[in-house]
$ cat coords.cif   # mmCIF, C-alpha atoms and all ligand atoms
data_target
#
loop_
_atom_site.label_atom_id
_atom_site.label_comp_id
_atom_site.auth_asym_id
_atom_site.auth_seq_id
_atom_site.Cartn_x
_atom_site.Cartn_y
_atom_site.Cartn_z
CA MET A 1 72.95 86.25 90.74
CA ASN A 2 72.24 82.93 89.03
CA ILE A 3 75.22 80.97 87.71
CA THR A 4 72.93 78.15 86.59
CA LYS A 5 69.31 77.45 87.48
CA ASP A 6 70.35 75.96 90.85
CA ILE A 7 73.71 77.62 91.52
CA ARG A 8 73.63 81.16 92.91
CA TYR A 9 76.43 83.62 93.60
CA ILE A 10 76.42 84.95 97.17
CA GLY A 11 79.92 86.48 97.36
CA VAL A 12 80.91 90.03 98.24
CA ASN A 13 83.05 92.79 96.77
CA ASP A 14 85.70 94.39 98.96
CA ASN A 15 86.47 97.92 97.78
CA GLU A 16 87.79 99.03 101.17
CA ILE A 17 90.91 96.89 101.45
CA ASP A 18 94.27 98.65 101.05
CA LEU A 19 96.56 95.62 100.69
CA PHE A 20 95.29 92.11 99.94
CA GLU A 21 97.04 89.48 102.06
CA GLY A 22 98.82 92.40 103.69
CA GLN A 23 101.01 93.11 100.66
CA TYR A 24 99.26 93.18 97.27
CA ARG A 25 97.90 96.47 95.92
CA VAL A 26 94.34 96.03 94.68
CA PRO A 27 93.29 99.35 93.14
CA HIS A 28 90.07 97.78 91.88
CA GLY A 29 89.34 95.88 95.11
CA ILE A 30 88.80 92.14 95.29
CA SER A 31 85.85 89.79 95.57
CA TYR A 32 85.44 86.95 98.04
CA ASN A 33 83.25 84.51 96.18
CA SER A 34 80.76 82.16 97.72
CA TYR A 35 78.11 80.04 96.03
CA VAL A 36 75.05 78.06 97.03
CA ILE A 37 73.41 75.12 95.25
CA ILE A 38 69.69 74.92 95.85
CA ASP A 39 68.67 71.27 95.50
CA GLU A 40 66.92 68.68 97.68
CA ARG A 41 69.76 69.47 100.02
CA VAL A 42 71.23 72.98 100.11
CA CYS A 43 74.97 73.28 99.85
CA VAL A 44 77.02 76.46 100.46
CA PHE A 45 80.55 76.77 99.09
CA ASP A 46 82.95 78.70 101.32
CA THR A 47 82.39 81.77 103.45
CA VAL A 48 83.90 85.24 102.97
CA ASP A 49 86.30 87.62 104.69
CA ARG A 50 85.57 88.38 108.35
CA ARG A 51 84.45 91.96 107.65
CA PHE A 52 81.67 90.88 105.28
CA GLY A 53 80.00 88.12 107.31
CA GLY A 54 76.74 90.02 107.77
CA GLU A 55 76.40 90.94 104.08
CA TRP A 56 77.19 87.37 103.05
CA LEU A 57 74.67 85.79 105.43
CA SER A 58 71.99 88.21 104.18
CA SER A 59 72.70 87.25 100.55
CA LEU A 60 72.55 83.58 101.50
CA GLU A 61 69.28 84.02 103.35
CA ALA A 62 67.77 85.78 100.34
CA GLU A 63 68.41 82.64 98.26
CA LEU A 64 67.08 80.14 100.78
CA SER A 65 63.33 80.91 100.71
CA GLY A 66 63.12 80.04 104.38
CA ARG A 67 65.13 76.82 104.11
CA ALA A 68 68.30 76.11 106.07
CA PRO A 69 71.58 74.99 104.46
CA ASP A 70 72.48 71.31 104.85
CA TYR A 71 76.16 71.57 103.99
CA LEU A 72 78.99 74.07 104.09
CA VAL A 73 81.78 72.96 101.75
CA VAL A 74 85.14 74.44 102.76
CA THR A 75 87.51 74.22 99.81
CA HIS A 76 90.23 76.36 101.40
CA MET A 77 91.01 77.55 104.92
CA GLU A 78 92.77 80.85 104.25
CA PRO A 79 90.81 83.42 106.30
CA ASP A 80 89.58 85.43 103.30
CA HIS A 81 87.26 82.44 102.73
CA SER A 82 87.01 80.65 106.05
CA ALA A 83 86.61 83.48 108.57
CA ASN A 84 82.84 83.03 108.92
CA ILE A 85 82.69 79.24 109.39
CA ALA A 86 81.98 79.48 113.13
CA VAL A 87 79.40 82.26 112.62
CA PHE A 88 77.65 80.19 109.93
CA LEU A 89 77.56 77.05 112.06
CA GLU A 90 76.14 78.98 114.98
CA LYS A 91 73.39 80.41 112.78
CA TYR A 92 72.62 77.04 111.15
CA PRO A 93 73.04 74.41 113.88
CA GLU A 94 71.81 71.58 111.63
CA ALA A 95 74.41 72.19 108.93
CA THR A 96 77.31 69.81 108.33
CA VAL A 97 80.81 70.94 107.28
CA VAL A 98 82.38 69.17 104.29
CA ALA A 99 86.17 69.46 103.97
CA THR A 100 89.44 67.52 103.95
CA ALA A 101 90.98 66.15 107.15
CA LYS A 102 93.70 68.81 106.95
CA ALA A 103 91.06 71.54 106.71
CA PHE A 104 89.39 70.27 109.90
CA LYS A 105 92.74 70.38 111.67
CA MET A 106 93.09 74.01 110.58
CA MET A 107 89.57 74.76 111.85
CA GLY A 108 90.81 73.53 115.21
CA ALA A 109 93.69 75.98 115.03
CA PHE A 110 91.59 78.93 113.80
CA PHE A 111 88.37 78.36 115.78
CA GLY A 112 89.38 75.97 118.60
CA GLU A 113 86.91 73.44 117.18
CA GLU A 114 87.31 70.61 114.65
CA TYR A 115 83.54 69.97 114.46
CA ALA A 116 83.92 66.22 115.08
CA ASP A 117 80.17 65.72 115.51
CA ARG A 118 79.03 67.66 112.47
CA ARG A 119 81.40 66.98 109.67
CA ILE A 120 82.01 64.94 106.52
CA VAL A 121 85.68 64.35 105.76
CA VAL A 122 86.42 64.14 102.05
CA SER A 123 89.45 62.93 100.13
CA ASP A 124 90.28 62.55 96.44
CA GLY A 125 87.23 61.17 94.60
CA THR A 126 84.73 61.42 97.48
CA THR A 127 81.21 62.06 96.18
CA LEU A 128 78.27 63.79 97.81
CA SER A 129 74.74 63.81 96.40
CA LEU A 130 72.52 66.84 96.92
CA GLY A 131 69.57 65.25 95.12
CA SER A 132 69.93 66.05 91.45
CA HIS A 133 73.46 67.48 91.84
CA GLU A 134 76.31 65.08 92.37
CA LEU A 135 79.52 66.55 93.75
CA THR A 136 82.98 65.02 93.43
CA PHE A 137 85.91 66.30 95.47
CA VAL A 138 89.37 66.57 93.96
CA THR A 139 92.20 67.30 96.33
CA ALA A 140 94.64 70.04 95.29
CA PRO A 141 97.35 70.07 97.95
CA MET A 142 99.54 73.18 97.91
CA VAL A 143 97.37 75.06 95.45
CA HIS A 144 98.34 76.98 97.43
CA TRP A 145 97.65 75.62 100.93
CA PRO A 146 97.85 71.93 101.88
CA GLU A 147 94.18 71.37 102.77
CA VAL A 148 92.67 72.51 99.47
CA ALA A 149 90.08 70.40 97.65
CA VAL A 150 88.25 71.67 94.59
CA CYS A 151 84.77 70.36 93.87
CA TYR A 152 83.13 69.30 90.61
CA ASP A 153 79.37 69.40 90.09
CA LYS A 154 78.72 66.82 87.38
CA THR A 155 75.12 67.92 86.87
CA ASP A 156 75.87 71.50 85.80
CA ARG A 157 79.49 70.74 84.76
CA VAL A 158 80.80 73.36 87.17
CA LEU A 159 84.22 73.31 88.83
CA PHE A 160 84.46 75.12 92.16
CA SER A 161 88.17 75.79 91.83
CA ALA A 162 89.13 77.40 95.17
CA ASP A 163 91.84 80.06 94.58
CA ALA A 164 92.78 78.62 91.17
CA PHE A 165 91.59 80.83 88.28
CA GLY A 166 91.05 83.74 90.64
CA LYS A 167 92.11 87.33 90.07
CA PHE A 168 92.45 90.67 91.79
CA GLY A 169 89.65 93.18 91.19
CA ALA A 170 86.09 93.31 92.49
CA ILE A 171 83.43 91.62 90.36
CA GLY A 172 82.22 94.03 87.71
CA THR A 173 85.59 95.75 87.36
CA GLU A 174 86.43 96.56 83.77
CA ASP A 175 90.06 95.54 84.01
CA ASN A 176 92.06 93.08 81.98
CA TRP A 177 91.41 89.52 83.22
CA VAL A 178 94.74 88.19 82.01
CA ASP A 179 96.89 90.91 83.64
CA GLU A 180 95.15 90.80 87.00
CA ALA A 181 94.88 86.99 87.02
CA ARG A 182 98.61 86.77 86.19
CA ARG A 183 99.55 89.21 88.95
CA TYR A 184 97.37 87.22 91.37
CA TYR A 185 98.61 83.80 90.24
CA ILE A 186 102.34 84.62 90.11
CA GLY A 187 102.21 86.52 93.39
CA ILE A 188 100.18 84.07 95.43
CA VAL A 189 100.37 80.64 93.79
CA GLY A 190 103.47 80.99 91.57
CA LYS A 191 105.79 78.91 93.73
CA TYR A 192 103.56 75.85 93.39
CA GLY A 193 103.69 75.22 89.64
CA ALA A 194 104.16 71.44 89.98
CA GLN A 195 101.08 71.19 92.20
CA VAL A 196 99.02 73.34 89.81
CA LEU A 197 100.03 71.12 86.88
CA SER A 198 98.92 68.11 88.88
CA LEU A 199 95.52 69.76 89.49
CA LEU A 200 95.20 70.69 85.80
CA LYS A 201 95.84 67.04 84.91
CA LYS A 202 93.06 65.89 87.23
CA ALA A 203 90.74 68.63 85.92
CA ALA A 204 91.40 67.59 82.32
CA ALA A 205 89.47 64.37 83.04
CA LEU A 206 86.35 66.40 83.92
CA ASP A 207 83.85 67.85 81.49
CA VAL A 208 83.86 71.47 82.72
CA ALA A 209 81.54 74.16 81.30
CA ARG A 210 82.11 76.76 84.02
CA ILE A 211 84.78 77.56 86.57
CA CYS A 212 83.67 79.17 89.83
CA PRO A 213 86.79 80.54 91.58
CA LEU A 214 87.03 82.15 95.00
CA HIS A 215 88.05 85.53 93.52
CA GLY A 216 86.96 87.28 90.35
CA PRO A 217 84.37 86.38 87.74
CA VAL A 218 82.89 83.00 86.96
CA LEU A 219 84.58 81.74 83.80
CA SER A 220 82.52 80.22 81.00
CA GLY A 221 82.55 79.88 77.23
CA ASP A 222 85.88 78.89 75.71
CA LEU A 223 87.87 77.85 78.78
CA SER A 224 90.98 77.01 76.75
CA LEU A 225 92.24 80.61 77.08
CA TYR A 226 92.39 80.25 80.87
CA LEU A 227 93.63 76.65 80.85
CA ASN A 228 96.42 77.47 78.39
CA LEU A 229 97.57 80.43 80.47
CA TYR A 230 97.55 78.33 83.64
CA THR A 231 99.56 75.61 81.90
CA LYS A 232 102.16 78.20 80.86
CA TRP A 233 102.32 79.86 84.26
CA ALA A 234 102.51 76.56 86.14
CA SER A 235 105.25 75.20 83.88
CA TYR A 236 107.23 78.49 84.01
CA THR A 237 106.96 78.84 80.24
CA PRO A 238 107.11 82.45 79.01
CA GLU A 239 103.88 83.72 77.51
CA GLU A 240 105.73 85.71 74.87
CA ASP A 241 109.09 86.87 73.60
CA GLY A 242 110.01 90.16 75.26
CA VAL A 243 112.11 91.80 77.93
CA THR A 244 111.33 92.96 81.45
CA ILE A 245 113.80 95.66 82.54
CA ALA A 246 113.82 96.03 86.32
CA TYR A 247 116.05 98.72 87.78
CA THR A 248 116.97 100.54 90.95
CA SER A 249 118.67 103.89 90.83
CA ILE A 250 119.96 106.25 93.52
CA TYR A 251 120.65 109.46 91.58
CA GLY A 252 119.14 108.63 88.20
CA ASN A 253 122.20 107.35 86.33
CA THR A 254 121.21 103.67 86.46
CA ALA A 255 117.69 104.75 85.52
CA ALA A 256 119.13 106.52 82.46
CA ALA A 257 120.94 103.31 81.47
CA ALA A 258 117.75 101.23 81.88
CA LYS A 259 115.74 103.76 79.84
CA LEU A 260 118.36 103.76 77.11
CA LEU A 261 118.06 99.97 76.92
CA LEU A 262 114.26 100.31 76.65
CA ASP A 263 114.70 102.75 73.73
CA GLU A 264 117.30 100.57 72.02
CA LEU A 265 115.04 97.51 72.31
CA GLY A 266 112.11 99.51 70.98
CA ALA A 267 114.20 100.66 68.02
CA ARG A 268 114.89 97.00 67.24
CA GLY A 269 111.22 96.02 67.50
CA VAL A 270 111.67 94.08 70.76
CA LYS A 271 108.75 94.32 73.19
CA ALA A 272 109.88 95.49 76.64
CA GLU A 273 108.50 96.78 79.94
CA LEU A 274 110.40 99.00 82.38
CA PHE A 275 110.02 98.96 86.19
CA ASP A 276 111.55 101.27 88.79
CA LEU A 277 111.62 98.81 91.68
CA ALA A 278 111.65 101.50 94.36
CA ARG A 279 108.36 102.97 93.12
CA CYS A 280 106.41 100.44 91.06
CA ASP A 281 104.01 97.73 92.16
CA LYS A 282 106.50 94.92 92.81
CA ALA A 283 103.87 92.25 92.18
CA GLU A 284 103.38 93.71 88.69
CA ALA A 285 107.14 93.71 88.07
CA ILE A 286 107.42 90.09 89.22
CA ALA A 287 104.44 89.07 87.07
CA SER A 288 106.07 90.80 84.07
CA ALA A 289 109.29 88.84 84.62
CA PHE A 290 107.25 85.62 84.45
CA LYS A 291 105.34 86.83 81.39
CA TYR A 292 108.35 87.50 79.16
CA SER A 293 111.22 85.32 78.02
CA LYS A 294 114.01 87.72 79.01
CA LEU A 295 114.90 89.84 82.01
CA VAL A 296 117.47 92.59 82.50
CA LEU A 297 118.37 93.62 86.03
CA ALA A 298 119.98 97.04 86.43
CA SER A 299 121.21 98.15 89.83
CA SER A 300 123.51 100.57 91.56
CA THR A 301 126.13 98.97 93.76
CA TYR A 302 125.26 99.60 97.41
CA ASN A 303 127.06 98.44 100.54
CA ALA A 304 129.13 96.13 98.31
CA GLY A 305 125.89 94.53 97.12
CA VAL A 306 122.77 95.73 95.33
CA PHE A 307 120.32 98.49 96.16
CA PRO A 308 117.73 97.01 98.59
CA PRO A 309 114.62 97.06 96.30
CA MET A 310 116.59 94.93 93.80
CA ARG A 311 117.54 92.44 96.51
CA GLU A 312 113.88 92.09 97.46
CA PHE A 313 112.82 91.75 93.82
CA ILE A 314 115.29 88.95 93.09
CA ALA A 315 114.25 87.15 96.28
CA GLY A 316 110.64 87.46 95.10
CA LEU A 317 111.53 85.82 91.79
CA VAL A 318 113.57 82.99 93.30
CA GLU A 319 111.00 82.07 95.95
CA ARG A 320 108.43 81.71 93.15
CA ASN A 321 110.69 79.33 91.22
CA PHE A 322 111.63 81.79 88.50
CA SER A 323 113.24 79.67 85.78
CA SER A 324 113.75 79.04 82.07
CA ARG A 325 114.57 82.64 81.15
CA THR A 326 117.47 84.62 79.68
CA VAL A 327 118.89 87.18 82.10
CA GLY A 328 121.27 90.10 81.50
CA PHE A 329 122.76 92.67 83.86
CA ILE A 330 123.57 96.37 84.03
CA GLU A 331 125.50 97.52 87.07
CA ASN A 332 126.57 100.92 88.26
CA GLY A 333 129.34 101.79 90.68
CA SER A 334 131.51 104.82 91.33
CA TRP A 335 134.50 102.99 92.85
CA ALA A 336 133.94 99.21 93.07
CA PRO A 337 130.99 98.02 90.98
CA THR A 338 129.88 94.60 92.28
CA ALA A 339 126.12 94.66 91.68
CA ALA A 340 126.13 92.35 88.66
CA LYS A 341 128.16 89.69 90.47
CA VAL A 342 125.82 89.85 93.47
CA MET A 343 122.66 89.78 91.31
CA ARG A 344 123.93 86.78 89.35
CA ALA A 345 124.86 84.92 92.55
CA SER A 346 121.37 85.64 93.94
CA LEU A 347 119.88 83.89 90.91
CA GLU A 348 122.08 80.78 91.16
CA MET A 349 119.22 78.88 92.83
CA ALA A 350 116.94 79.57 89.85
CA LYS A 351 116.81 76.71 87.34
CA SER A 352 117.51 76.81 83.61
CA ILE A 353 118.63 80.43 83.47
CA LYS A 354 120.76 81.44 80.51
CA PHE A 355 122.92 84.36 81.56
CA ILE A 356 124.10 86.95 79.05
CA ASP A 357 127.82 86.91 79.72
CA LYS A 358 128.65 90.47 78.81
CA THR A 359 127.60 92.71 81.70
CA VAL A 360 127.21 96.42 81.06
CA THR A 361 129.12 98.37 83.71
CA VAL A 362 128.32 102.04 84.16
CA ASN A 363 131.01 103.96 85.99
CA SER A 364 128.91 106.63 87.81
CA ALA A 365 127.21 107.96 84.66
CA LEU A 366 126.65 106.83 81.10
CA ASN A 367 129.47 107.52 78.67
CA ALA A 368 130.22 106.47 75.10
CA SER A 369 131.60 103.12 76.21
CA SER A 370 128.65 102.10 78.44
CA GLU A 371 126.16 103.42 75.86
CA ALA A 372 127.80 101.17 73.29
CA GLY A 373 127.54 98.29 75.80
CA ILE A 374 123.81 98.91 76.14
CA ARG A 375 123.34 98.95 72.37
CA ALA A 376 125.24 95.65 72.18
CA LEU A 377 123.05 94.22 74.96
CA ALA A 378 119.91 95.29 73.08
CA ALA A 379 121.22 93.64 69.91
CA GLU A 380 121.98 90.41 71.78
CA LEU A 381 118.55 90.40 73.47
CA LYS A 382 116.93 90.62 70.06
CA GLU A 383 118.84 87.54 68.90
CA VAL A 384 118.67 85.20 71.91
FE1 LIG A 401 91.86 83.61 98.47
FE2 LIG A 401 94.29 81.51 99.44
O1 LIG A 401 92.83 82.58 99.73
#

$ encode --input "coords.cif" --output "structure tokens"
Amino acid sequence: MNITKDIRYIGVNDNEIDLFEGQYRVPHGISYNSYVIIDERVCVFDTVDRRFGGEWLSSLEAELSGRAPDYLVVTHMEPDHSANIAVFLEKYPEATVVATAKAFKMMGAFFGEEYADRRIVVSDGTTLSLGSHELTFVTAPMVHWPEVAVCYDKTDRVLFSADAFGKFGAIGTEDNWVDEARRYYIGIVGKYGAQVLSLLKKAAALDVARICPLHGPVLSGDLSLYLNLYTKWASYTPEEDGVTIAYTSIYGNTAAAAKLLLDELGARGVKAELFDLARCDKAEAIASAFKYSKLVLASSTYNAGVFPPMREFIAGLVERNFSSRTVGFIENGSWAPTAAKVMRASLEMAKSIKFIDKTVTVNSALNASSEAGIRALAAELKEV
């Protein structure tokens, strides 16, 4: 597949994987992208997951017309992209590896070899000429590993963006780019908003026509859609006004309260999404909480705390720097309801959270009083 006249796609689709990175559901698979620039010197960008080394090397060979690659650029050392470095270097003994000093250290840890005699160490602003293509490296520490460097090809105005601008879903999947890119970004990179903003600032100085990420499709055309979303996600700014309702329920009574809130919000024209944390895709629930401006947590009281899926969900929000949102609570308890207090305390580390003071307490099952509390909560969520 040609990206430009000289840049070819040589990545692979993985439709076999059950959980990406051991935890993310990927019902439409995932791609491990790799690219090659055919110029006076041939430059390959990243390898692919261990299980696809043979397929990747065949695709590369098909583009080489008998030539051998001169360079292997390693933008990121996470094994879904780096697993075949040693295999590649064995097959092409004349090739040189191009990466940051931190990446070479990681190669030592992963492969027992830092390739001291066949490497070019790059840092911010390092250039490399392939003939007609001139590459510039831009370091992107903690997006989302420390050794990352993206690479800009000035000739074709292409940014090889490492994991940035990636998404779940194999290439060719007819899913929604925004939803699957959000779920990917918030899940995997979300904690590192400050570092992503710093990369976006550096990238703004480049004239970019295409973005070639390590997962998902090559982005071209009007890039402002993607850049605007990344700016929002990285700055923890809600994409839109709306409410994520995340609940856990043991016998269905807390679920009934959460569903009543969904209905009451709908009746008031407030957009809302509902997640049963024991059964839903937690990455989707977390991504939804970052998408909308408001969040309601509804949990049964359990062991004087909250039901375990809720505890895990809140931890998932806090570790990704969840901030700048309005949060309300519904708790349930049959003798000593404490869930709201525990949920609120768990969010104390999150910055710029406006808590809705009036908690709805359900005593075992909904009654006229708690139903009125939920209607009042819905009315307040519409106004804040
Ligand atoms: Fe797709 Fe961070 O590796």

$ atom_distance --input "coords.cif" --atom1 "atom CA of Ser299 of chain A" --atom2 "atom CA of Glu319 of chain A"
20.0 Å

$ residues_near_point --input "coords.cif" --point "(87.3, 77.2, 118.0)" --cutoff "12 Å" --atoms "all atoms listed in the file" --output "ChimeraX atom specification"
/A:83-87,89-90,104-116

$ residues_near_point --input "coords.cif" --point "(105.0, 84.0, 92.7)" --cutoff "10 Å" --atoms "only C-alpha atoms" --output "PyMOL selection string"
chain A and resi 182-193+233+283+286-287+290+316-322

$ closest_atom_pairs --input "coords.cif" --of "segment 126-202 of chain A" --to "segment 24-32 of chain A" --cutoff "7 Å" --atoms "all atoms listed in the file" --output "JSON lines"
{"residue": "A:Phe168", "atom": "CA", "partner": "A:Ile30", "partner_atom": "CA", "distance": 5.3}
{"residue": "A:Gly169", "atom": "CA", "partner": "A:Ile30", "partner_atom": "CA", "distance": 4.3}
{"residue": "A:Ala170", "atom": "CA", "partner": "A:Ile30", "partner_atom": "CA", "distance": 4.1}
{"residue": "A:Ile171", "atom": "CA", "partner": "A:Ser31", "partner_atom": "CA", "distance": 6.0}
{"residue": "A:Thr173", "atom": "CA", "partner": "A:His28", "partner_atom": "CA", "distance": 6.7}

$ residues_near_ligand --input "coords.cif" --ligand "ligand LIG 401 (chain A)" --cutoff "6 Å" --atoms "only C-alpha atoms and all ligand atoms" --output "list in words"
Glu78, Asp80 and Asp163 of chain A

$ closest_residue --input "coords.cif" --among "A:Tyr251, A:Val243, A:Phe307, A:Pro141" --to "Ala272 of chain A" --atoms "all atoms listed in the file"
A:Val243

$ closest_residue --input "coords.cif" --among "A:Ser34, A:Ser324, A:Thr359, A:Asn303" --to "Gly373 of chain A" --atoms "all atoms listed in the file"
A:Thr359

$ residues_around --input "coords.cif" --residues "segment 201-217 of chain A" --least-positions-apart "4" --cutoff "9 Å" --atoms "all atoms listed in the file" --output "PDB file with C-alpha atoms, keeping the file's coordinate frame"
ATOM      1  CA  ILE A   3      75.220  80.970  87.710  1.00  0.00           C
ATOM      2  CA  GLY A  11      79.920  86.480  97.360  1.00  0.00           C
ATOM      3  CA  ILE A  30      88.800  92.140  95.290  1.00  0.00           C
ATOM      4  CA  SER A  31      85.850  89.790  95.570  1.00  0.00           C
ATOM      5  CA  TYR A  32      85.440  86.950  98.040  1.00  0.00           C
ATOM      6  CA  ASN A  33      83.250  84.510  96.180  1.00  0.00           C
ATOM      7  CA  SER A  34      80.760  82.160  97.720  1.00  0.00           C
ATOM      8  CA  TYR A  35      78.110  80.040  96.030  1.00  0.00           C
ATOM      9  CA  ASP A  46      82.950  78.700 101.320  1.00  0.00           C
ATOM     10  CA  HIS A  81      87.260  82.440 102.730  1.00  0.00           C
ATOM     11  CA  VAL A 138      89.370  66.570  93.960  1.00  0.00           C
ATOM     12  CA  TYR A 152      83.130  69.300  90.610  1.00  0.00           C
ATOM     13  CA  ASP A 153      79.370  69.400  90.090  1.00  0.00           C
ATOM     14  CA  LYS A 154      78.720  66.820  87.380  1.00  0.00           C
ATOM     15  CA  ASP A 156      75.870  71.500  85.800  1.00  0.00           C
ATOM     16  CA  ARG A 157      79.490  70.740  84.760  1.00  0.00           C
ATOM     17  CA  VAL A 158      80.800  73.360  87.170  1.00  0.00           C
ATOM     18  CA  LEU A 159      84.220  73.310  88.830  1.00  0.00           C
ATOM     19  CA  PHE A 160      84.460  75.120  92.160  1.00  0.00           C
ATOM     20  CA  SER A 161      88.170  75.790  91.830  1.00  0.00           C
ATOM     21  CA  ALA A 162      89.130  77.400  95.170  1.00  0.00           C
ATOM     22  CA  ASP A 163      91.840  80.060  94.580  1.00  0.00           C
ATOM     23  CA  ALA A 164      92.780  78.620  91.170  1.00  0.00           C
ATOM     24  CA  PHE A 165      91.590  80.830  88.280  1.00  0.00           C
ATOM     25  CA  GLY A 166      91.050  83.740  90.640  1.00  0.00           C
ATOM     26  CA  LYS A 167      92.110  87.330  90.070  1.00  0.00           C
ATOM     27  CA  PHE A 168      92.450  90.670  91.790  1.00  0.00           C
ATOM     28  CA  GLY A 169      89.650  93.180  91.190  1.00  0.00           C
ATOM     29  CA  ALA A 170      86.090  93.310  92.490  1.00  0.00           C
ATOM     30  CA  ILE A 171      83.430  91.620  90.360  1.00  0.00           C
ATOM     31  CA  GLY A 172      82.220  94.030  87.710  1.00  0.00           C
ATOM     32  CA  TRP A 177      91.410  89.520  83.220  1.00  0.00           C
ATOM     33  CA  ALA A 181      94.880  86.990  87.020  1.00  0.00           C
ATOM     34  CA  VAL A 196      99.020  73.340  89.810  1.00  0.00           C
ATOM     35  CA  LEU A 197     100.030  71.120  86.880  1.00  0.00           C
ATOM     36  CA  GLY A 221      82.550  79.880  77.230  1.00  0.00           C
ATOM     37  CA  ASP A 222      85.880  78.890  75.710  1.00  0.00           C
ATOM     38  CA  LEU A 223      87.870  77.850  78.780  1.00  0.00           C
TER      39      LEU A 223
END

$ closest_residue --input "coords.cif" --among "A:Ala255, A:Leu381, A:Leu72, A:Ala194" --to "Lys271 of chain A" --atoms "only C-alpha atoms"
A:Leu381

$ atom_distance --input "coords.cif" --atom1 "atom CA of Leu347 of chain A" --atom2 "atom CA of Ser198 of chain A"
26.3 Å

$ closest_residue --input "coords.cif" --among "A:Lys358, A:Lys351, A:Arg119, A:Arg279" --to "Ser323 of chain A" --atoms "only C-alpha atoms"
A:Lys351

$ atom_distance --input "coords.cif" --atom1 "atom CA of Glu371 of chain A" --atom2 "atom CA of Thr254 of chain A"
11.7 Å

$ residues_around --input "coords.cif" --residues "Thr301 of chain A" --least-positions-apart "3" --cutoff "7 Å" --atoms "only C-alpha atoms" --output "ChimeraX atom specification"
/A:304-307,331-333,337-339

$ residues_around --input "coords.cif" --residues "Gly242 of chain A" --least-positions-apart "5" --cutoff "12 Å" --atoms "only C-alpha atoms" --output "ChimeraX atom specification"
/A:262,265-266,268-274,288-296,325-327,378,381-384

$ closest_residue --input "coords.cif" --among "A:Cys151, A:Ala68, A:Leu377, A:Ile120" --to "Ala257 of chain A" --atoms "only C-alpha atoms"
A:Leu377

$ closest_residue --input "coords.cif" --among "A:Ala140, A:Ile250, A:Ile38, A:Ile330" --to "Arg344 of chain A" --atoms "all atoms listed in the file"
A:Ile330

$ build_atoms --input "coords.cif" --residues "segment 358-371 of chain A" --atoms "N, CA and C atoms" --output "PDB file, keeping the file's coordinate frame"
ATOM      1  N   LYS A 358     128.060  89.139  78.811  1.00  0.00           N
ATOM      2  CA  LYS A 358     128.650  90.470  78.810  1.00  0.00           C
ATOM      3  C   LYS A 358     127.783  91.425  79.642  1.00  0.00           C
ATOM      4  N   THR A 359     128.285  91.746  80.832  1.00  0.00           N
ATOM      5  CA  THR A 359     127.600  92.710  81.700  1.00  0.00           C
ATOM      6  C   THR A 359     127.934  94.126  81.259  1.00  0.00           C
ATOM      7  N   VAL A 360     126.931  95.006  81.322  1.00  0.00           N
ATOM      8  CA  VAL A 360     127.210  96.420  81.060  1.00  0.00           C
ATOM      9  C   VAL A 360     127.555  97.074  82.398  1.00  0.00           C
ATOM     10  N   THR A 361     128.737  97.662  82.483  1.00  0.00           N
ATOM     11  CA  THR A 361     129.120  98.370  83.710  1.00  0.00           C
ATOM     12  C   THR A 361     129.125  99.871  83.427  1.00  0.00           C
ATOM     13  N   VAL A 362     128.349 100.578  84.240  1.00  0.00           N
ATOM     14  CA  VAL A 362     128.320 102.040  84.160  1.00  0.00           C
ATOM     15  C   VAL A 362     129.198 102.552  85.297  1.00  0.00           C
ATOM     16  N   ASN A 363     130.161 103.371  84.951  1.00  0.00           N
ATOM     17  CA  ASN A 363     131.010 103.960  85.990  1.00  0.00           C
ATOM     18  C   ASN A 363     130.440 105.345  86.319  1.00  0.00           C
ATOM     19  N   SER A 364     129.566 105.395  87.317  1.00  0.00           N
ATOM     20  CA  SER A 364     128.910 106.630  87.810  1.00  0.00           C
ATOM     21  C   SER A 364     127.834 107.156  86.861  1.00  0.00           C
ATOM     22  N   ALA A 365     128.205 107.428  85.614  1.00  0.00           N
ATOM     23  CA  ALA A 365     127.210 107.960  84.660  1.00  0.00           C
ATOM     24  C   ALA A 365     127.496 107.360  83.291  1.00  0.00           C
ATOM     25  N   LEU A 366     126.469 107.361  82.452  1.00  0.00           N
ATOM     26  CA  LEU A 366     126.650 106.830  81.100  1.00  0.00           C
ATOM     27  C   LEU A 366     127.749 107.588  80.362  1.00  0.00           C
ATOM     28  N   ASN A 367     128.523 106.876  79.578  1.00  0.00           N
ATOM     29  CA  ASN A 367     129.470 107.520  78.670  1.00  0.00           C
ATOM     30  C   ASN A 367     129.437 106.740  77.352  1.00  0.00           C
ATOM     31  N   ALA A 368     130.285 107.099  76.426  1.00  0.00           N
ATOM     32  CA  ALA A 368     130.220 106.470  75.100  1.00  0.00           C
ATOM     33  C   ALA A 368     130.419 104.959  75.196  1.00  0.00           C
ATOM     34  N   SER A 369     131.300 104.545  76.095  1.00  0.00           N
ATOM     35  CA  SER A 369     131.600 103.120  76.210  1.00  0.00           C
ATOM     36  C   SER A 369     130.396 102.344  76.772  1.00  0.00           C
ATOM     37  N   SER A 370     129.789 102.837  77.859  1.00  0.00           N
ATOM     38  CA  SER A 370     128.650 102.100  78.440  1.00  0.00           C
ATOM     39  C   SER A 370     127.423 102.198  77.538  1.00  0.00           C
ATOM     40  N   GLU A 371     127.278 103.319  76.816  1.00  0.00           N
ATOM     41  CA  GLU A 371     126.160 103.420  75.860  1.00  0.00           C
ATOM     42  C   GLU A 371     126.327 102.380  74.744  1.00  0.00           C
TER      43      GLU A 371
END
